[in-house]
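Notes follow the structure.
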Amino acid sequence: ATLTLALLAPPASAQDDSHMQWWRDARYGMFIHWGLYSIAGGEWKGKDYGKEQGGASAEWLMNSAKISGKEYRGTLARQFNPTEFDAKEWVAIAKDAGMKYIVITSKHHDGFCLFETNATDYNVMQATPFKRDIIRELSEECVNQGLKFGVYYSQFKDWYHRSRGRNAPGTMSNEEYLAMVEKNLDELLSNYGEMSVLWFDTGGNDVIEADRQGARVRELQPNAVICSRLYSRRVPADKRKYADFESLPDRMLPTERMTKDTETCMTMRHNWGYDRNDNHWKSEKDIIEFLALCGARGVNLLLNVGPTPEGRLLPEETERLKAVGQWMKVNGESIYGATYSPVDFDFWWGAMTQKNKTVYLHVLEWKPEGIEFNGIVGNPRKAHFLNDPQRKSLAVTYDAGRHITKIDVPEKAPDFRNTVIAVEYDSPVTADPD
Ligand code: H79
């Protein structure tokens, strides 16, 4: 295997990136897709648009069902009354799941704002009977419970824009639209205390416009972490001046180690927004594997939930979050603050993360014959299961000639989802140059 360690050294850039530290250490966050579309749940006038479009996202309903802006708002806004919404409960669930930050859709492509704004009356305070500022309640609760808080904001693909309403033409001129976006941003950046993440979603080709929005974020919230989707994917990486991290395409797991700050956004089933008919649930083992594989590539995992119109997370979501949270309580040291694998390949049994002098083997496929790996130079001092409170030593052998390390393991996997083995070395780990 070719090793590209030089490429993986931290960037020697003069730019101060200390605002990234919490985000790098956090590794795992909650994404929330919630809005008017949640009421429809993927259906319009008795028709299931999710299924028809091969699993179109619920939040794309206005577009998929070709609903005019007027009809969409007229039908859904006055039904938006999620009286069971409890910010305290949501944040507690995220925290218990081991997530370190929350990012919620403050405005998706359908234009509806979940916060108080003077830029448009199409917002939760003025257009719905609910009249509670969801962004305020969640941001305050994140402070109370010690999680970082951020917002998704669709700054470009808004279907009320005259030329961006794909299947049903919008009404706003470009000037009106841009003025609204800038006002919205100022409000989000000024009225909710610390904004830790600005999760933009796929800008246009106008770099000047994106740069202006990015500069405004820096000015009002210098420590906010900005998503690369502020820019279009066609804008070359070195021209994305305000992008703090690279966002991989929706639901895409990284296939190689990332040399720059990167995040994967992932769903628990197919859709982002609530969909009544979507049964494509991923298992808790899948999610634990995503964490391991993202960790091994140095990538954050932003895992999505799509709450119901009443304002609750689904039992399928809370069950999975809880199970993964329990796994994280035991195995979190192999994820939080850990970095990518010392080697640029995976093994038949799984993949590695590392921190200081320790390498963590994330064993996803068990082999009673023992767990073997190559690629690392050095004599491992000790190995143990993270889920063993006694930290009992496992027999470990290192073949200096062939650079193969072998760890003897019991017949049965201690954790069928992912058993983590911590392997401690005397000095920081180096990769085998062969
Ligand atoms: O918010 C989620 C998506 O709604 C949003 N990004 C994530 C985080 C997103 N915006 N644009 N896209 C995703 C790409 C659009 C994909 C599409 Fe389709 C394919 C649009 C039409 C065909 C998916 C399938 C949506 C409707 C049908």
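Chain labels A, B, ... are given in the sequence in which chains occur in the structure tokens; within each chain residues are numbered consecutively from 1, and ligands are likewise numbered from 1 in the order shown.
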Exercise. Near Gly375 (chain A), counting only C-alpha atoms, which residues have an atom at most 10 Å away, once you skip same-chain residues fewer than 6 positions from it, shown as JSON, numbers by chain?
Worked result: {"A": [1, 3, 342, 343, 344, 345, 402, 403, 404, 405, 430, 431, 432, 433, 434]}
What does the file look like for those residues with C-alpha atoms, as a compact mmCIF listing (two decimals), in the first residue's frame?
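For reference, again_38.txt as written:
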```txt
# COMPACT_ATOMS: atom_id res chain seq x y z
CA ALA A 1 0.00 0.00 0.00
CA LEU A 3 1.21 5.70 2.35
CA PRO A 342 -2.48 5.38 10.70
CA VAL A 343 -2.80 3.40 7.47
CA ASP A 344 -4.75 4.21 4.33
CA PHE A 345 -6.48 0.86 3.99
CA ARG A 402 6.71 -9.14 8.45
CA HIS A 403 5.32 -6.19 10.44
CA ILE A 404 2.30 -8.21 11.42
CA THR A 405 0.62 -7.75 14.75
CA THR A 430 4.28 5.33 12.86
CA ALA A 431 3.17 3.67 9.67
CA ASP A 432 5.27 1.06 7.96
CA PRO A 433 6.75 2.74 4.86
CA ASP A 434 6.48 -0.52 2.90
```
For this session: Compile the contact shell of region 323-340 of chain A as number ranges by chain: residues with an atom at most 6 Å away, counting only C-alpha atoms, same-chain residues fewer than 3 positions apart removed.
Result: A: 25-27, 96-98, 295-298, 320, 353-355, 360, 386-387
For this session: Rank A:Tyr242, A:Phe416, A:Phe200, A:Tyr192 by their smallest atom-to-atom distance to ligand 1, using only C-alpha atoms and all ligand atoms, and report the top residue only.
Result: A:Phe200
Exercise. Which residues sit within 7 Å of ligand 1, counting only C-alpha atoms and all ligand atoms, listed as a PyMOL selection string?
Worked result: chain A and resi 53+55-57+59-60+64+108+201+250+265+272
For those residues, write N, CA and C atoms to a file as a PDB file, in the first residue's frame.
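After the write, again.pdb holds the following:
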```pdb
ATOM      1  N   GLN A  53     -41.130   8.459  -6.441  1.00  0.00           N
ATOM      2  CA  GLN A  53     -39.863   8.975  -6.943  1.00  0.00           C
ATOM      3  C   GLN A  53     -38.688   8.135  -6.477  1.00  0.00           C
ATOM      4  N   GLY A  55     -38.103   7.087  -3.537  1.00  0.00           N
ATOM      5  CA  GLY A  55     -37.599   7.532  -2.237  1.00  0.00           C
ATOM      6  C   GLY A  55     -37.176   8.981  -2.204  1.00  0.00           C
ATOM      7  N   ALA A  56     -37.946   9.841  -2.856  1.00  0.00           N
ATOM      8  CA  ALA A  56     -37.650  11.275  -2.807  1.00  0.00           C
ATOM      9  C   ALA A  56     -37.776  11.754  -1.374  1.00  0.00           C
ATOM     10  N   SER A  57     -36.957  12.713  -1.039  1.00  0.00           N
ATOM     11  CA  SER A  57     -36.976  13.214   0.320  1.00  0.00           C
ATOM     12  C   SER A  57     -38.274  13.942   0.611  1.00  0.00           C
ATOM     13  N   GLU A  59     -38.866  16.380   2.465  1.00  0.00           N
ATOM     14  CA  GLU A  59     -38.791  17.851   2.445  1.00  0.00           C
ATOM     15  C   GLU A  59     -38.780  18.405   1.021  1.00  0.00           C
ATOM     16  N   TRP A  60     -38.738  17.487   0.051  1.00  0.00           N
ATOM     17  CA  TRP A  60     -38.807  17.896  -1.361  1.00  0.00           C
ATOM     18  C   TRP A  60     -40.242  17.850  -1.894  1.00  0.00           C
ATOM     19  N   SER A  64     -41.677  17.893  -5.607  1.00  0.00           N
ATOM     20  CA  SER A  64     -42.062  16.621  -6.232  1.00  0.00           C
ATOM     21  C   SER A  64     -43.521  16.603  -6.652  1.00  0.00           C
ATOM     22  N   HIS A 108     -35.567  25.423   5.086  1.00  0.00           N
ATOM     23  CA  HIS A 108     -35.188  24.503   4.005  1.00  0.00           C
ATOM     24  C   HIS A 108     -35.580  25.130   2.665  1.00  0.00           C
ATOM     25  N   ASP A 201     -26.586  24.971   2.328  1.00  0.00           N
ATOM     26  CA  ASP A 201     -26.803  23.801   1.476  1.00  0.00           C
ATOM     27  C   ASP A 201     -26.735  24.130  -0.001  1.00  0.00           C
ATOM     28  N   ASP A 250     -24.740  14.098   0.119  1.00  0.00           N
ATOM     29  CA  ASP A 250     -25.731  13.508   1.024  1.00  0.00           C
ATOM     30  C   ASP A 250     -25.546  11.999   1.163  1.00  0.00           C
ATOM     31  N   CYS A 265     -23.039  13.736   6.186  1.00  0.00           N
ATOM     32  CA  CYS A 265     -24.394  13.813   6.739  1.00  0.00           C
ATOM     33  C   CYS A 265     -25.129  12.555   6.285  1.00  0.00           C
ATOM     34  N   TRP A 272     -34.811  12.474   4.834  1.00  0.00           N
ATOM     35  CA  TRP A 272     -34.348  13.443   5.853  1.00  0.00           C
ATOM     36  C   TRP A 272     -35.558  13.894   6.680  1.00  0.00           C
TER      37      TRP A 272
END
```
Problem set entry | Close residues, Arg229 (chain A) itself excluded, 8 Å, only C-alpha atoms, min 3 positions apart in chain, as a PyMOL selection string | chain A and resi 199-203+232-233+243+246-247
Just-selected residues, N, CA and C atoms written as a short mmCIF file (atom, residue, chain, number, x, y, z; two decimals), in the first residue's frame:
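And here's out30.cif as it stands now:
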```
data_model
loop_
_atom_site.label_atom_id
_atom_site.label_comp_id
_atom_site.auth_asym_id
_atom_site.auth_seq_id
_atom_site.Cartn_x
_atom_site.Cartn_y
_atom_site.Cartn_z
N TRP A 199 -24.75 25.69 8.56
CA TRP A 199 -24.80 24.59 7.60
C TRP A 199 -25.58 25.06 6.37
N PHE A 200 -24.87 25.67 5.43
CA PHE A 200 -25.50 26.11 4.17
C PHE A 200 -25.67 24.87 3.30
N ASP A 201 -26.59 24.97 2.33
CA ASP A 201 -26.80 23.80 1.48
C ASP A 201 -26.74 24.13 0.00
N THR A 202 -25.57 23.92 -0.56
CA THR A 202 -25.29 23.95 -1.99
C THR A 202 -25.66 25.27 -2.67
N GLY A 203 -24.70 26.15 -2.67
CA GLY A 203 -24.88 27.45 -3.29
C GLY A 203 -24.82 27.41 -4.80
N SER A 232 -21.15 26.32 -4.43
CA SER A 232 -21.53 25.23 -5.33
C SER A 232 -20.38 24.23 -5.39
N ARG A 233 -20.70 22.98 -5.70
CA ARG A 233 -19.65 21.98 -5.82
C ARG A 233 -18.72 22.29 -7.00
N ALA A 243 -15.21 28.32 3.63
CA ALA A 243 -15.62 26.95 3.97
C ALA A 243 -14.67 26.37 5.01
N GLU A 246 -15.39 20.39 4.68
CA GLU A 246 -15.93 19.86 3.44
C GLU A 246 -17.10 18.95 3.79
N SER A 247 -18.25 19.19 3.18
CA SER A 247 -19.40 18.33 3.41
C SER A 247 -19.49 17.34 2.25
#
```
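Closest approach to Lys131 (chain A) among A:Met266, A:Ala215, A:Ile376, A:Leu114 is made by A:Leu114 (distances from only C-alpha atoms).
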Exercise. What is the distance between CA of Cys142 (chain A) and CA of Val91 (chain A), in Å to one decimal?
Worked result: 6.4 Å
For this session: Considering only C-alpha atoms, return as JSON, numbers by chain whatever protein or nucleic-acid residues lie within 10 Å of Thr262 (chain A), sequence-local ones (same chain, fewer than 4 positions apart) excluded.
Result: {"A": [24, 27, 227, 228, 244, 245, 246, 247, 248, 254, 257, 258, 294, 297, 298, 299, 300, 301]}
Include N, CA and C atoms and write out the residues we just selected as a PDB file, in the first residue's frame.
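File again_30.pdb, as written:
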```
ATOM      1  N   ARG A  24     -13.601  19.260  15.639  1.00  0.00           N
ATOM      2  CA  ARG A  24     -12.755  18.096  15.337  1.00  0.00           C
ATOM      3  C   ARG A  24     -12.882  17.039  16.417  1.00  0.00           C
ATOM      4  N   ARG A  27     -16.789  14.909  16.636  1.00  0.00           N
ATOM      5  CA  ARG A  27     -16.953  13.730  15.777  1.00  0.00           C
ATOM      6  C   ARG A  27     -18.389  13.295  15.450  1.00  0.00           C
ATOM      7  N   CYS A 227     -20.041  25.415   6.712  1.00  0.00           N
ATOM      8  CA  CYS A 227     -20.118  24.262   5.806  1.00  0.00           C
ATOM      9  C   CYS A 227     -19.720  24.661   4.385  1.00  0.00           C
ATOM     10  N   SER A 228     -18.988  23.769   3.718  1.00  0.00           N
ATOM     11  CA  SER A 228     -18.507  24.058   2.357  1.00  0.00           C
ATOM     12  C   SER A 228     -19.634  24.256   1.347  1.00  0.00           C
ATOM     13  N   ASP A 244     -15.190  26.052   6.187  1.00  0.00           N
ATOM     14  CA  ASP A 244     -14.337  25.494   7.238  1.00  0.00           C
ATOM     15  C   ASP A 244     -14.209  23.992   7.135  1.00  0.00           C
ATOM     16  N   PHE A 245     -15.277  23.342   6.674  1.00  0.00           N
ATOM     17  CA  PHE A 245     -15.182  21.894   6.509  1.00  0.00           C
ATOM     18  C   PHE A 245     -15.856  21.497   5.207  1.00  0.00           C
ATOM     19  N   GLU A 246     -15.388  20.392   4.676  1.00  0.00           N
ATOM     20  CA  GLU A 246     -15.934  19.861   3.436  1.00  0.00           C
ATOM     21  C   GLU A 246     -17.105  18.951   3.787  1.00  0.00           C
ATOM     22  N   SER A 247     -18.252  19.192   3.179  1.00  0.00           N
ATOM     23  CA  SER A 247     -19.400  18.328   3.406  1.00  0.00           C
ATOM     24  C   SER A 247     -19.495  17.342   2.253  1.00  0.00           C
ATOM     25  N   LEU A 248     -19.389  16.050   2.567  1.00  0.00           N
ATOM     26  CA  LEU A 248     -19.503  15.038   1.505  1.00  0.00           C
ATOM     27  C   LEU A 248     -20.938  15.034   0.982  1.00  0.00           C
ATOM     28  N   PRO A 254     -17.192   8.341   3.569  1.00  0.00           N
ATOM     29  CA  PRO A 254     -15.879   8.582   2.963  1.00  0.00           C
ATOM     30  C   PRO A 254     -15.241   7.252   2.562  1.00  0.00           C
ATOM     31  N   ARG A 257      -9.012   8.327   3.627  1.00  0.00           N
ATOM     32  CA  ARG A 257      -8.732   9.274   4.697  1.00  0.00           C
ATOM     33  C   ARG A 257      -8.765  10.693   4.157  1.00  0.00           C
ATOM     34  N   MET A 258      -9.362  11.580   4.938  1.00  0.00           N
ATOM     35  CA  MET A 258      -9.526  12.955   4.489  1.00  0.00           C
ATOM     36  C   MET A 258      -8.427  13.830   5.078  1.00  0.00           C
ATOM     37  N   CYS A 294     -16.217   6.460   9.617  1.00  0.00           N
ATOM     38  CA  CYS A 294     -15.961   7.904   9.536  1.00  0.00           C
ATOM     39  C   CYS A 294     -14.740   8.250  10.383  1.00  0.00           C
ATOM     40  N   ARG A 297     -11.456   7.545   8.881  1.00  0.00           N
ATOM     41  CA  ARG A 297     -11.099   8.432   7.764  1.00  0.00           C
ATOM     42  C   ARG A 297     -11.027   9.885   8.198  1.00  0.00           C
ATOM     43  N   GLY A 298     -11.150  10.113   9.500  1.00  0.00           N
ATOM     44  CA  GLY A 298     -11.022  11.473  10.027  1.00  0.00           C
ATOM     45  C   GLY A 298     -12.216  12.340   9.721  1.00  0.00           C
ATOM     46  N   VAL A 299     -13.408  11.764   9.730  1.00  0.00           N
ATOM     47  CA  VAL A 299     -14.598  12.475   9.267  1.00  0.00           C
ATOM     48  C   VAL A 299     -15.663  12.509  10.369  1.00  0.00           C
ATOM     49  N   ASN A 300     -16.324  13.662  10.511  1.00  0.00           N
ATOM     50  CA  ASN A 300     -17.438  13.762  11.453  1.00  0.00           C
ATOM     51  C   ASN A 300     -18.684  13.113  10.875  1.00  0.00           C
ATOM     52  N   LEU A 301     -19.537  12.592  11.764  1.00  0.00           N
ATOM     53  CA  LEU A 301     -20.814  12.016  11.339  1.00  0.00           C
ATOM     54  C   LEU A 301     -21.953  12.885  11.885  1.00  0.00           C
TER      55      LEU A 301
END
```
